[in-house]
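Undergrad: What follows is coords-v6.cif; its format and atoms are mmCIF, C-alpha atoms.
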data_input
loop_
_atom_site.label_atom_id
_atom_site.label_comp_id
_atom_site.auth_asym_id
_atom_site.auth_seq_id
_atom_site.Cartn_x
_atom_site.Cartn_y
_atom_site.Cartn_z
CA MET A 29 -34.03 -11.64 -10.77
CA ILE A 30 -33.23 -10.12 -14.14
CA LYS A 31 -33.65 -6.67 -12.63
CA ILE A 32 -31.21 -7.49 -9.85
CA LEU A 33 -28.67 -8.84 -12.30
CA ALA A 34 -29.03 -5.80 -14.48
CA PHE A 35 -28.56 -3.58 -11.46
CA ILE A 36 -25.36 -5.40 -10.48
CA ILE A 37 -23.99 -5.20 -14.00
CA ILE A 38 -24.75 -1.50 -14.21
CA ILE A 39 -23.44 -0.63 -10.76
CA SER A 40 -20.35 -2.88 -10.76
CA PRO A 41 -18.00 -0.67 -12.79
CA ASN A 42 -18.70 2.23 -10.46
CA LEU A 43 -17.88 0.16 -7.40
CA PHE A 44 -14.38 -0.51 -8.66
CA ALA A 45 -13.77 2.79 -10.42
CA ARG A 46 -10.74 4.79 -9.32
CA ASP A 47 -11.08 8.31 -7.97
CA PRO A 48 -10.25 11.26 -10.25
CA GLY A 49 -6.54 12.10 -10.09
CA GLN A 50 -5.61 8.58 -9.11
CA THR A 51 -3.68 6.11 -11.22
CA GLU A 52 -4.71 2.49 -10.74
CA ILE A 53 -2.38 -0.33 -11.73
CA THR A 54 -3.23 -4.01 -11.56
CA ALA A 55 -1.09 -7.04 -12.42
CA ASP A 56 -1.61 -10.80 -12.10
CA GLU A 57 1.92 -11.86 -11.18
CA GLY A 58 3.15 -9.19 -8.85
CA ILE A 59 5.51 -6.22 -8.73
CA GLU A 60 9.22 -6.03 -8.10
CA VAL A 61 10.24 -2.68 -6.60
CA PHE A 62 13.91 -1.72 -7.01
CA GLN A 63 14.42 1.23 -4.70
CA ASN A 64 18.05 2.01 -5.61
CA GLU A 65 17.51 1.72 -9.35
CA LYS A 66 14.24 3.64 -8.95
CA TYR A 67 11.94 1.50 -11.00
CA TYR A 68 9.30 -1.17 -10.50
CA LEU A 69 8.44 -4.09 -12.71
CA LEU A 70 4.85 -5.23 -13.13
CA LYS A 71 4.24 -8.69 -14.56
CA LYS A 72 1.43 -10.46 -16.44
CA ASN A 73 -1.80 -8.84 -17.61
CA VAL A 74 -0.80 -5.35 -16.50
CA LYS A 75 -3.46 -2.65 -16.72
CA ILE A 76 -2.83 1.02 -16.02
CA SER A 77 -5.72 3.42 -15.76
CA SER A 78 -5.27 7.16 -15.20
CA ASP A 79 -6.91 10.47 -16.07
CA GLU A 80 -4.56 10.88 -19.04
CA PHE A 81 -4.37 7.37 -20.51
CA ASN A 82 -5.18 3.68 -20.24
CA LEU A 83 -2.55 1.08 -21.06
CA SER A 84 -2.37 -2.70 -21.01
CA ALA A 85 0.61 -4.99 -21.56
CA GLU A 86 2.11 -8.26 -20.36
CA LYS A 87 5.05 -6.55 -18.65
CA VAL A 88 5.59 -2.92 -17.63
CA LYS A 89 8.67 -1.26 -16.18
CA ALA A 90 7.86 2.06 -14.49
CA TYR A 91 10.76 4.38 -13.68
CA PHE A 92 10.10 6.92 -10.96
CA ASN A 93 11.78 10.12 -9.84
CA LYS A 94 11.24 10.85 -6.14
CA ASP A 95 8.89 8.09 -5.13
CA LEU A 96 6.77 5.34 -6.63
CA TYR A 97 3.92 7.68 -7.49
CA ASP A 98 6.21 9.97 -9.46
CA ILE A 99 6.47 7.94 -12.70
CA ILE A 100 8.67 9.49 -15.39
CA ILE A 101 9.03 6.63 -17.89
CA LEU A 102 6.80 3.71 -18.80
CA ASP A 103 8.39 0.82 -20.67
CA ALA A 104 5.78 -1.75 -21.72
CA HIS A 105 6.33 -5.11 -23.43
CA SER A 106 4.18 -7.66 -25.28
CA ASP A 107 0.68 -6.98 -26.61
CA VAL A 108 0.81 -3.33 -25.68
CA THR A 109 -2.37 -1.36 -26.29
CA PHE A 110 -3.02 2.20 -25.16
CA GLU A 111 -5.53 5.01 -25.44
CA PHE A 112 -5.07 8.64 -24.45
CA ASN A 113 -7.85 10.91 -23.26
CA ASN A 114 -7.42 13.05 -26.42
CA GLY A 115 -8.50 10.06 -28.53
CA ALA A 116 -5.08 8.89 -29.68
CA LYS A 117 -4.76 5.13 -29.48
CA GLY A 118 -2.39 2.47 -30.67
CA LYS A 119 -0.79 -0.91 -30.39
CA GLY A 120 2.64 -2.48 -30.56
CA HIS A 121 4.99 -5.09 -29.16
CA HIS A 122 7.03 -2.59 -27.15
CA LEU A 123 6.16 0.91 -25.99
CA ASN A 124 8.31 3.52 -24.32
CA PHE A 125 6.59 6.62 -22.98
CA LEU A 126 8.46 9.60 -21.51
CA ILE A 127 5.66 11.12 -19.47
CA GLU A 128 7.06 14.62 -18.89
CA GLU A 129 8.17 15.06 -22.51
CA LYS A 130 5.11 13.22 -23.82
CA LYS A 131 7.35 11.28 -26.15
CA LEU A 132 6.00 7.95 -27.30
CA THR A 133 7.90 5.25 -29.19
CA ILE A 134 6.42 1.96 -30.35
CA ASN A 135 8.21 -1.04 -31.83
CA GLY A 136 7.12 -4.29 -33.39
CA LYS A 137 5.14 -5.82 -36.21
CA ASN A 138 1.74 -4.28 -36.95
CA SER A 139 2.41 -1.30 -34.71
CA TYR A 140 0.06 1.62 -35.12
CA ILE A 141 -0.99 4.97 -33.72
CA ASN A 142 -4.35 6.45 -34.70
CA PHE A 143 -5.27 9.99 -33.83
CA ASN A 144 -8.48 11.21 -35.40
CA ASP A 145 -7.92 10.89 -39.16
CA LEU A 146 -4.13 10.64 -38.81
CA LYS A 147 -3.03 7.01 -38.92
CA MET A 148 0.56 5.76 -38.59
CA ASN A 149 1.53 2.14 -39.17
CA SER A 150 4.85 0.32 -39.15
CA ASP A 151 6.32 -3.13 -38.70
CA GLU A 152 9.36 -1.70 -36.92
CA PHE A 153 9.31 1.75 -35.32
CA LEU A 154 6.93 4.63 -34.61
CA MET A 155 7.68 7.76 -32.60
CA ILE A 156 5.68 10.83 -31.62
CA ASP A 157 7.36 13.59 -29.62
CA ASN A 158 4.67 15.97 -28.44
CA SER A 159 7.09 18.42 -26.83
CA LYS A 160 8.98 18.92 -30.11
CA LYS A 161 5.95 18.24 -32.31
CA GLN A 162 7.87 15.64 -34.26
CA PHE A 163 7.12 12.15 -35.50
CA PHE A 164 9.11 9.39 -37.12
CA LEU A 165 8.18 6.10 -38.76
CA SER A 166 10.74 3.59 -40.01
CA GLY A 167 11.03 0.00 -41.15
CA PRO A 168 8.95 -2.23 -43.41
CA ASN A 169 5.35 -1.26 -44.14
CA SER A 170 5.73 2.19 -42.66
CA LYS A 171 2.66 4.11 -43.67
CA LEU A 172 1.24 7.55 -42.88
CA ARG A 173 -2.38 8.23 -43.79
CA THR A 174 -4.74 11.13 -43.48
CA GLU A 175 -8.17 11.65 -45.03
CA ASN A 176 -6.72 12.44 -48.48
CA LEU A 177 -3.07 11.47 -48.25
CA GLU A 178 -1.21 8.16 -48.08
CA ILE A 179 2.57 7.88 -47.80
CA ILE A 180 4.42 4.55 -47.86
CA ALA A 181 8.18 4.51 -47.31
CA ASP A 182 11.03 3.00 -45.27
CA SER A 183 11.45 6.24 -43.38
CA ILE A 184 8.93 9.03 -42.79
CA GLU A 185 10.09 11.90 -40.61
CA GLY A 186 7.94 14.93 -39.96
CA GLN A 187 6.89 17.88 -37.89
CA TYR A 188 3.41 19.03 -37.07
CA GLU A 189 1.66 21.90 -35.42
CA ILE A 190 -1.73 22.18 -33.78
CA ILE A 191 -3.98 24.68 -35.52
CA ASN A 192 -7.53 25.03 -34.17
CA ASP A 193 -7.17 21.70 -32.34
CA ILE A 194 -6.17 19.99 -35.57
CA ASN A 195 -2.74 18.44 -36.05
CA GLU A 196 -1.34 19.73 -39.34
CA ILE A 197 1.81 18.33 -40.91
CA ILE A 198 4.23 21.17 -41.71
CA ASN A 199 7.36 19.27 -42.80
CA LEU A 200 8.10 15.81 -44.12
CA ILE A 201 11.26 13.99 -45.17
CA ILE A 202 10.46 10.65 -46.79
CA ILE A 203 13.09 8.14 -47.87
CA ASP A 204 12.91 4.63 -49.32
CA LYS A 205 15.70 2.53 -50.82
CA GLU A 206 13.27 1.24 -53.46
CA SER A 207 10.69 3.97 -53.94
CA VAL A 208 8.67 6.36 -51.83
CA SER A 209 4.95 6.28 -52.63
CA ILE A 210 2.80 9.36 -52.10
CA SER A 211 -0.87 9.34 -53.06
CA GLU A 212 -2.97 12.40 -52.55
CA GLY A 213 -6.13 11.68 -54.53
CA GLN A 214 -5.40 13.55 -57.75
CA MET A 215 -1.75 12.65 -58.05
CA ASP A 216 0.54 9.69 -57.30
CA MET A 217 4.23 10.43 -56.77
CA TYR A 218 7.21 8.08 -56.59
CA ALA A 219 10.90 8.75 -55.92
CA LYS A 220 13.82 7.66 -53.77
CA LYS A 221 13.32 10.68 -51.57
CA ALA A 222 10.63 13.31 -51.04
CA ILE A 223 10.53 16.52 -49.03
CA PHE A 224 7.36 18.41 -48.14
CA SER A 225 7.18 21.97 -46.81
CA LYS A 226 3.83 23.48 -45.87
CA GLU A 227 5.38 26.92 -45.54
CA ASP A 228 6.62 26.83 -49.16
CA ASN A 229 3.62 24.83 -50.41
CA LEU A 230 6.13 22.53 -52.02
CA ILE A 231 6.87 18.85 -52.54
CA GLU A 232 10.30 18.00 -53.90
CA LEU A 233 11.03 14.56 -55.35
CA PHE A 234 14.58 13.24 -55.82
CA ASN A 235 15.90 10.36 -57.98
CA ASP A 236 13.84 7.91 -60.04
CA VAL A 237 10.95 10.32 -60.00
CA LYS A 238 7.61 9.27 -61.39
CA ILE A 239 4.44 11.35 -61.27
CA ILE A 240 1.09 9.90 -62.32
CA ARG A 241 -1.82 12.28 -62.82
CA ASN A 242 -4.99 11.27 -64.61
CA ASN A 243 -3.68 9.36 -67.61
CA GLU A 244 -0.24 10.91 -67.84
CA THR A 245 2.95 9.53 -66.36
CA ILE A 246 6.04 11.73 -66.19
CA ILE A 247 9.45 10.29 -65.38
CA GLY A 248 12.55 12.25 -64.39
CA ASP A 249 15.26 12.73 -61.79
CA TYR A 250 13.88 15.69 -59.87
CA ALA A 251 10.47 17.28 -59.50
CA LYS A 252 8.94 20.29 -57.76
CA ILE A 253 5.22 20.20 -57.09
CA ASN A 254 3.19 23.18 -55.96
CA THR A 255 0.71 21.87 -53.42
CA LEU A 256 -1.72 24.77 -53.93
CA ASP A 257 -2.41 24.46 -57.68
CA ARG A 258 -0.71 21.05 -58.14
CA SER A 259 1.45 22.42 -60.95
CA TYR A 260 4.82 20.74 -61.23
CA LYS A 261 8.18 20.99 -62.87
CA ILE A 262 10.21 17.87 -63.59
CA ILE A 263 13.76 17.60 -64.89
CA SER A 264 16.16 14.83 -65.81
CA LYS A 265 19.77 15.51 -64.83
CA ASN A 266 21.52 13.10 -67.20
CA SER A 267 19.65 13.36 -70.49
CA LYS A 268 18.12 16.77 -69.89
CA ARG A 269 14.98 15.17 -71.15
CA VAL A 270 11.75 14.31 -69.46
CA LYS A 271 9.75 11.30 -70.51
CA LEU A 272 6.02 11.81 -70.79
CA LEU A 273 3.72 8.84 -71.19
CA ILE A 274 0.06 9.41 -71.99
CA GLU A 275 -2.32 6.51 -71.72
CA SER A 276 -5.62 6.33 -73.51
CA ASN A 277 -8.74 5.72 -71.50
CA ASN A 278 -10.18 3.66 -74.38
CA GLU A 279 -8.61 0.28 -74.02
CA GLN A 280 -8.36 -1.75 -77.24
CA ASN A 281 -9.55 -5.34 -77.23
CA MET B 27 -35.09 -59.17 65.95
CA ASN B 28 -34.19 -55.79 64.57
CA ASN B 29 -35.31 -55.25 60.95
CA LEU B 30 -31.88 -54.02 60.05
CA PHE B 31 -30.51 -57.43 60.58
CA LYS B 32 -33.04 -58.67 58.11
CA ILE B 33 -31.17 -56.99 55.14
CA ASN B 34 -29.44 -59.40 52.99
CA GLN B 35 -25.66 -59.30 53.26
CA LYS B 36 -25.38 -59.62 49.43
CA VAL B 37 -27.36 -56.39 48.98
CA ILE B 38 -24.93 -54.52 51.20
CA ILE B 39 -21.94 -55.77 49.19
CA VAL B 40 -23.52 -54.88 45.84
CA THR B 41 -24.44 -51.41 47.07
CA PHE B 42 -20.91 -50.86 48.36
CA LEU B 43 -19.40 -51.95 45.06
CA PHE B 44 -21.77 -49.69 43.16
CA LEU B 45 -20.78 -46.69 45.27
CA LEU B 46 -17.11 -47.56 44.84
CA ILE B 47 -17.48 -47.62 41.04
CA ILE B 48 -19.21 -44.24 41.02
CA PHE B 49 -16.55 -42.75 43.28
CA GLY B 50 -13.79 -44.19 41.11
CA TYR B 51 -15.39 -42.79 37.94
CA LEU B 52 -15.76 -39.34 39.45
CA LEU B 53 -12.13 -39.36 40.59
CA LEU B 54 -10.95 -40.41 37.12
CA ASP B 55 -13.06 -37.75 35.42
CA LYS B 56 -11.70 -35.06 37.72
CA ASN B 57 -8.13 -36.05 36.87
CA LYS B 58 -9.02 -35.97 33.19
CA ASN B 59 -10.30 -32.38 33.44
CA LEU B 60 -7.21 -31.45 35.38
CA ASN B 61 -5.05 -32.84 32.60
CA LYS B 62 -7.08 -30.90 30.06
CA THR B 63 -6.43 -27.66 31.93
CA ILE B 64 -2.75 -28.40 32.08
CA ASP B 65 -2.67 -29.15 28.34
CA LEU B 66 -4.44 -25.90 27.56
CA ASN B 67 -2.03 -24.02 29.76
CA ASP B 68 0.86 -25.77 28.08
CA SER B 69 -0.40 -24.81 24.64
CA LEU B 70 -0.87 -21.21 25.70
CA ASN B 71 2.58 -21.06 27.11
CA PHE B 72 4.17 -22.47 23.94
CA SER B 73 2.09 -20.63 21.23
CA TYR B 74 4.94 -18.16 20.70
CA ASP B 75 8.59 -17.92 21.60
CA ILE B 76 8.96 -14.15 21.60
CA LEU B 77 6.44 -11.55 22.69
CA ASN B 78 6.50 -8.27 20.71
CA PRO B 79 9.66 -9.07 18.74
CA LYS B 80 11.53 -6.11 17.24
CA PHE B 81 14.39 -6.13 14.73
CA THR B 82 16.07 -3.68 12.40
CA ILE B 83 17.22 -4.23 8.83
CA ASN B 84 20.24 -1.99 8.41
CA ASN B 85 20.73 -0.56 4.97
CA ILE B 86 23.17 2.12 3.83
CA LYS B 87 20.30 4.33 2.67
CA GLN B 88 17.58 3.39 5.17
CA ASN B 89 16.84 1.38 8.27
CA ILE B 90 13.76 -0.80 8.30
CA ALA B 91 12.21 -1.44 11.70
CA VAL B 92 10.53 -4.85 11.92
CA SER B 93 7.94 -5.52 14.61
CA ALA B 94 5.13 -7.96 15.42
CA ASN B 95 2.97 -9.12 18.32
CA GLU B 96 4.41 -12.64 18.38
CA GLY B 97 7.36 -14.57 17.02
CA ASN B 98 8.31 -18.24 16.77
CA PHE B 99 11.80 -19.55 16.12
CA ILE B 100 11.84 -21.84 13.07
CA ASP B 101 15.59 -22.42 13.37
CA SER B 102 18.57 -20.44 14.61
CA ASN B 103 18.13 -17.75 11.91
CA LYS B 104 14.51 -17.92 10.80
CA ILE B 105 11.65 -16.48 12.81
CA LEU B 106 7.96 -16.63 12.01
CA LEU B 107 6.48 -13.25 12.91
CA ARG B 108 2.73 -13.20 13.53
CA LYS B 109 -0.04 -10.73 14.23
CA ASN B 110 0.33 -7.05 13.26
CA VAL B 111 3.64 -7.60 11.51
CA SER B 112 5.07 -4.34 10.17
CA PHE B 113 8.17 -3.28 8.26
CA LYS B 114 8.62 0.44 8.67
CA SER B 115 11.20 2.78 7.17
CA ASP B 116 11.16 6.52 6.60
CA LYS B 117 9.97 5.76 3.06
CA PHE B 118 7.36 3.05 3.50
CA LEU B 119 5.29 0.80 5.75
CA ILE B 120 4.41 -2.83 4.97
CA LYS B 121 1.72 -4.57 7.03
CA SER B 122 0.93 -8.28 7.07
CA SER B 123 -0.46 -10.93 9.41
CA GLU B 124 2.39 -13.44 9.04
CA VAL B 125 5.97 -13.01 7.83
CA TYR B 126 9.02 -15.28 7.82
CA PHE B 127 12.07 -13.24 8.76
CA ASN B 128 15.68 -14.36 8.27
CA LYS B 129 18.00 -12.62 10.73
CA LYS B 130 21.16 -13.77 8.96
CA ASN B 131 20.60 -12.21 5.55
CA GLU B 132 17.96 -9.74 6.78
CA SER B 133 15.37 -10.95 4.29
CA ALA B 134 11.64 -11.46 4.78
CA PHE B 135 8.90 -13.44 3.09
CA SER B 136 5.13 -13.61 3.42
CA ASN B 137 2.41 -15.42 1.50
CA LYS B 138 -0.41 -13.70 3.36
CA ASN B 139 -2.26 -10.60 2.17
CA SER B 140 0.02 -7.61 2.61
CA LYS B 141 -0.32 -3.86 2.25
CA PHE B 142 2.42 -1.42 1.27
CA ILE B 143 1.90 2.25 2.09
CA SER B 144 4.25 4.98 0.93
CA ASN B 145 4.04 8.63 -0.06
CA LYS B 146 0.93 8.89 -2.30
CA THR B 147 1.22 5.17 -3.02
CA SER B 148 -0.51 2.03 -1.78
CA ILE B 149 -0.02 -1.56 -2.92
CA ASN B 150 -2.23 -4.50 -2.02
CA ALA B 151 -0.69 -7.91 -2.73
CA GLU B 152 -1.02 -11.59 -1.92
CA GLY B 153 2.33 -11.57 -0.15
CA PHE B 154 5.75 -9.99 -0.35
CA GLU B 155 9.46 -10.65 -0.21
CA ILE B 156 12.21 -8.30 0.95
CA THR B 157 15.75 -9.00 -0.24
CA ASN B 158 19.02 -7.06 -0.54
CA LYS B 159 18.38 -5.53 2.88
CA GLY B 160 15.25 -3.83 1.64
CA ASP B 161 16.56 -2.49 -1.68
CA LYS B 162 14.38 -4.96 -3.56
CA ILE B 163 10.78 -5.60 -2.54
CA LEU B 164 8.72 -8.15 -4.44
CA PHE B 165 4.94 -8.16 -4.11
CA ASN B 166 3.45 -11.52 -5.07
CA GLY B 167 0.32 -12.63 -6.85
CA GLN B 168 -2.44 -10.35 -7.97
CA VAL B 169 -1.53 -6.81 -7.05
CA LYS B 170 -3.32 -3.49 -7.09
CA VAL B 171 -1.41 -0.23 -6.99
CA ILE B 172 -3.02 3.14 -6.33
CA LEU B 173 -0.96 6.24 -7.09
CA LYS B 174 -2.20 9.67 -6.08
CA LYS B 175 -1.20 12.96 -7.61
#
Let me see the file written as structure tokens.
TA:
Amino acid sequence: MIKILAFIIIISPNLFARDPGQTEITADEGIEVFQNEKYYLLKKNVKISSDEFNLSAEKVKAYFNKDLYDIIILDAHSDVTFEFNNGAKGKGHHLNFLIEEKKLTINGKNSYINFNDLKMNSDEFLMIDNSKKQFFLSGPNSKLRTENLEIIADSIEGQYEIINDINEIINLIIIDKESVSISEGQMDMYAKKAIFSKEDNLIELFNDVKIIRNNETIIGDYAKINTLDRSYKIISKNSKRVKLLIESNNEQN
Amino acid sequence: MNNLFKINQKVIIVTFLFLLIIFGYLLLDKNKNLNKTIDLNDSLNFSYDILNPKFTINNIKQNIAVSANEGNFIDSNKILLRKNVSFKSDKFLIKSSEVYFNKKNESAFSNKNSKFISNKTSINAEGFEITNKGDKILFNGQVKVILKK
């Protein structure tokens, strides 16, 4: 009996598996097809399974071009989770996916996209545009993390390129009305705004700049950091002075 | 004296009555079977009002041809279409076993298992509803959509 049960459990997924090239969509509370408006609405416990991605949500609106099979936009709502065949996966309250452009936007609290060691979180908005190789995070708790970098800010806008199958960030513009936070292991940087350029091997910090490295804290209004040797130059516009604080490792009791 | 005259008159009467009862029963039973046949014929005759009904839903963009094996009038506008019901346009085909069709507003409704077939698309549902002269099609209950490349 146990053998039979085991056989059924093992064979069952294959019985219901879709054929390669097919997209299978299931929903618990039906579909409304609007032929003139060229979209269909899937309701309750929607699951989409294709060669490229798997997606689940409570409600999905699929816009099509010529016919129902020809989906150009997916608009998913409530408890949206997805996983692409390249390993990228994420979650959010609302997802909009332009299939041809491979542009993905996610909204809602605790939204995230993870792709290998690149992790993006936000409580408001995340966007990845694969055709333009751009990404954008905005809103509270927006965070971009890699293996040795963590950026927290209200707005993180960047570009990337794929080098040897690895996504490398080439530009970043980071803004926060309070303070941008950039941690890269050896150095913590704070400012109202930061710009990163891979081509110039440069990080620029603007307004209320604070750099913490080892035990030293340097405060100013503008800073340039060389990302290769981590040397930096910091200036203060108003006083023409830079404040350097050095903390002792030996704490006094 | 002949032996025949020895039979009791009472026996003859009882035998006659017995035969009469049997004859009466057989006659009654025959009529009953006859009635049964008539009832069956009646039910066959009135199982549907229209044989092979055909309608068309006229839309600006497409015409949908509606057909079935049988149809019953529910009222002056509503018809229950049964057996091999199909809604066919140049874009899609919907098949079901039972569909309520409203001639007045050209809408249709079914709560039986239905299948939608279109170009590289199939939908299996627990029923469907066509409104706005076919511009909007709602597939009810648990649905499964297969899209091909």
Undergrad: Do me a favour and pick out the residues of chain B within 6 Å of chain A, using all atoms listed in the file, as a VMD selection string.
TA: chain B and resid 147 161 to 175
Undergrad: What does the distance between CA of Arg241 (chain A) and CA of Met215 (chain A) come to in Å, to one decimal place?
TA: 4.8 Å
Undergrad: Excluding Lys238 (chain A) and its own-chain neighbours fewer than 4 positions away, which residues fall within 7 Å of it when counting all atoms listed in the file? Please give them as a list in words.
TA: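 So, after excluding close chain neighbours, the residues are Met217, Tyr218, Ala219, Thr245, Ile246, Ile247 and Gly248 of chain A.
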Undergrad: Could you tell me which of B:Val92, B:Ala151, B:Ile143, B:Ile39 comes closest to Asn110 (chain B) if we count all atoms listed in the file?
TA: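 Checking each candidate against Asn110 (chain B), we get B:Val92 as the closest.
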Undergrad: Measuring between only C-alpha atoms, which one of A:Ser207, A:Ser106, A:Ser139, A:Asn242 shows the shortest distance to Ala85 (chain A)?
TA: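 Counting only C-alpha atoms, the residue closest to Ala85 (chain A) is A:Ser106.
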Undergrad: Give the answer as one residue: which of A:Asn138, A:Gln162, A:Asn82, A:Ser264 has the shortest atom-to-atom distance to Asn113 (chain A), using all atoms listed in the file?
TA: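 The closest residue to Asn113 (chain A) is A:Asn82.
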Undergrad: What does the distance between CA of Phe125 (chain A) and CA of Asn93 (chain A) come to in Å, to one decimal place?
TA: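 Computing it gives 14.6 Å between the two atoms.
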Undergrad: Between CA of Thr82 (chain B) and CA of Glu132 (chain B), what is the spacing in Å?
TA: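 Those two atoms sit 8.5 Å apart.
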Undergrad: Which residues are close to Asp75 (chain B), i.e. within 8 Å by only C-alpha atoms, leaving aside same-chain residues fewer than 3 positions away? Reply as a ChimeraX atom specification.
TA: /B:72,96-99
Undergrad: Which residues, protein or nucleic acid, reach to within 12 Å of (7.6, 21.1, -62.2) in the file's coordinates when using all atoms listed in the file, and can you give that as a list in words?
TA: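 These residues have at least one counted atom within 12 Å: Leu230, Ile231, Glu232, Leu233, Val237, Lys238, Ile239, Ile246, Ile247, Gly248, Asp249, Tyr250, Ala251, Lys252, Ile253, Asn254, Thr255, Asp257, Arg258, Ser259, Tyr260, Lys261, Ile262, Ile263, Ser264 and Val270 of chain A.
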Undergrad: Smallest atom-to-atom distance to Phe154 (chain B): which of B:Lys129, B:Lys104, B:Lys80, B:Lys138, using only C-alpha atoms?
TA: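 Using only C-alpha atoms, Phe154 (chain B) sits closest to B:Lys138.
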Undergrad: Write out as a list of chain:residue names which residues come within 6 Å of Ser211 (chain A) when counting all atoms listed in the file, dropping same-chain ones fewer than 4 positions away.
TA: A:Leu177, A:Glu178, A:Asp216
Undergrad: Starting from the shown file, work through the PyMOL selection byres ((chain A and resi 91) around 6) and note down what comes out as a VMD selection string.
TA: chain A and resid 66 to 67 90 92 99 to 101
Undergrad: If the PyMOL selection byres ((chain A and resi 110) around 6) is run on the structure shown, which residues does it catch, given as a list in words?
TA: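 This file gives the following for the PyMOL selection byres ((chain A and resi 110) around 6): Asn82, Leu83, Thr109, Glu111, Lys117 and Gly118 of chain A.
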Undergrad: For the residues in the current selection, export C-alpha atoms as a PDB file, keeping the file's coordinate frame.
TA:
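As written to disk, again.pdb reads:
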ATOM      1  CA  ASN A  82      -5.180   3.680 -20.240  1.00  0.00           C
ATOM      2  CA  LEU A  83      -2.550   1.080 -21.060  1.00  0.00           C
ATOM      3  CA  THR A 109      -2.370  -1.360 -26.290  1.00  0.00           C
ATOM      4  CA  GLU A 111      -5.530   5.010 -25.440  1.00  0.00           C
ATOM      5  CA  LYS A 117      -4.760   5.130 -29.480  1.00  0.00           C
ATOM      6  CA  GLY A 118      -2.390   2.470 -30.670  1.00  0.00           C
TER       7      GLY A 118
END
Undergrad: Tell me which of B:Phe135, B:Phe42, B:Phe118, B:Tyr51 sits closest to Asn89 (chain B), counting all atoms listed in the file.
TA: B:Phe118
Undergrad: Go through the shown structure with the PyMOL selection byres ((chain A and resi 144) around 9) and write out the matching residues as a list in words.
TA: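 Applied to this file, the PyMOL selection byres ((chain A and resi 144) around 9) selects Gly115, Ala116, Asn142, Phe143, Asp145, Leu146, Lys147 and Thr174 of chain A.
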Undergrad: Just to be explicit: take each residue in the selection above, keep C-alpha atoms, and write the result as a PDB file, in the coordinates of the input.
TA:
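In the end it all went to selection_28.pdb:
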ATOM      1  CA  GLY A 115      -8.500  10.060 -28.530  1.00  0.00           C
ATOM      2  CA  ALA A 116      -5.080   8.890 -29.680  1.00  0.00           C
ATOM      3  CA  ASN A 142      -4.350   6.450 -34.700  1.00  0.00           C
ATOM      4  CA  PHE A 143      -5.270   9.990 -33.830  1.00  0.00           C
ATOM      5  CA  ASP A 145      -7.920  10.890 -39.160  1.00  0.00           C
ATOM      6  CA  LEU A 146      -4.130  10.640 -38.810  1.00  0.00           C
ATOM      7  CA  LYS A 147      -3.030   7.010 -38.920  1.00  0.00           C
ATOM      8  CA  THR A 174      -4.740  11.130 -43.480  1.00  0.00           C
TER       9      THR A 174
END
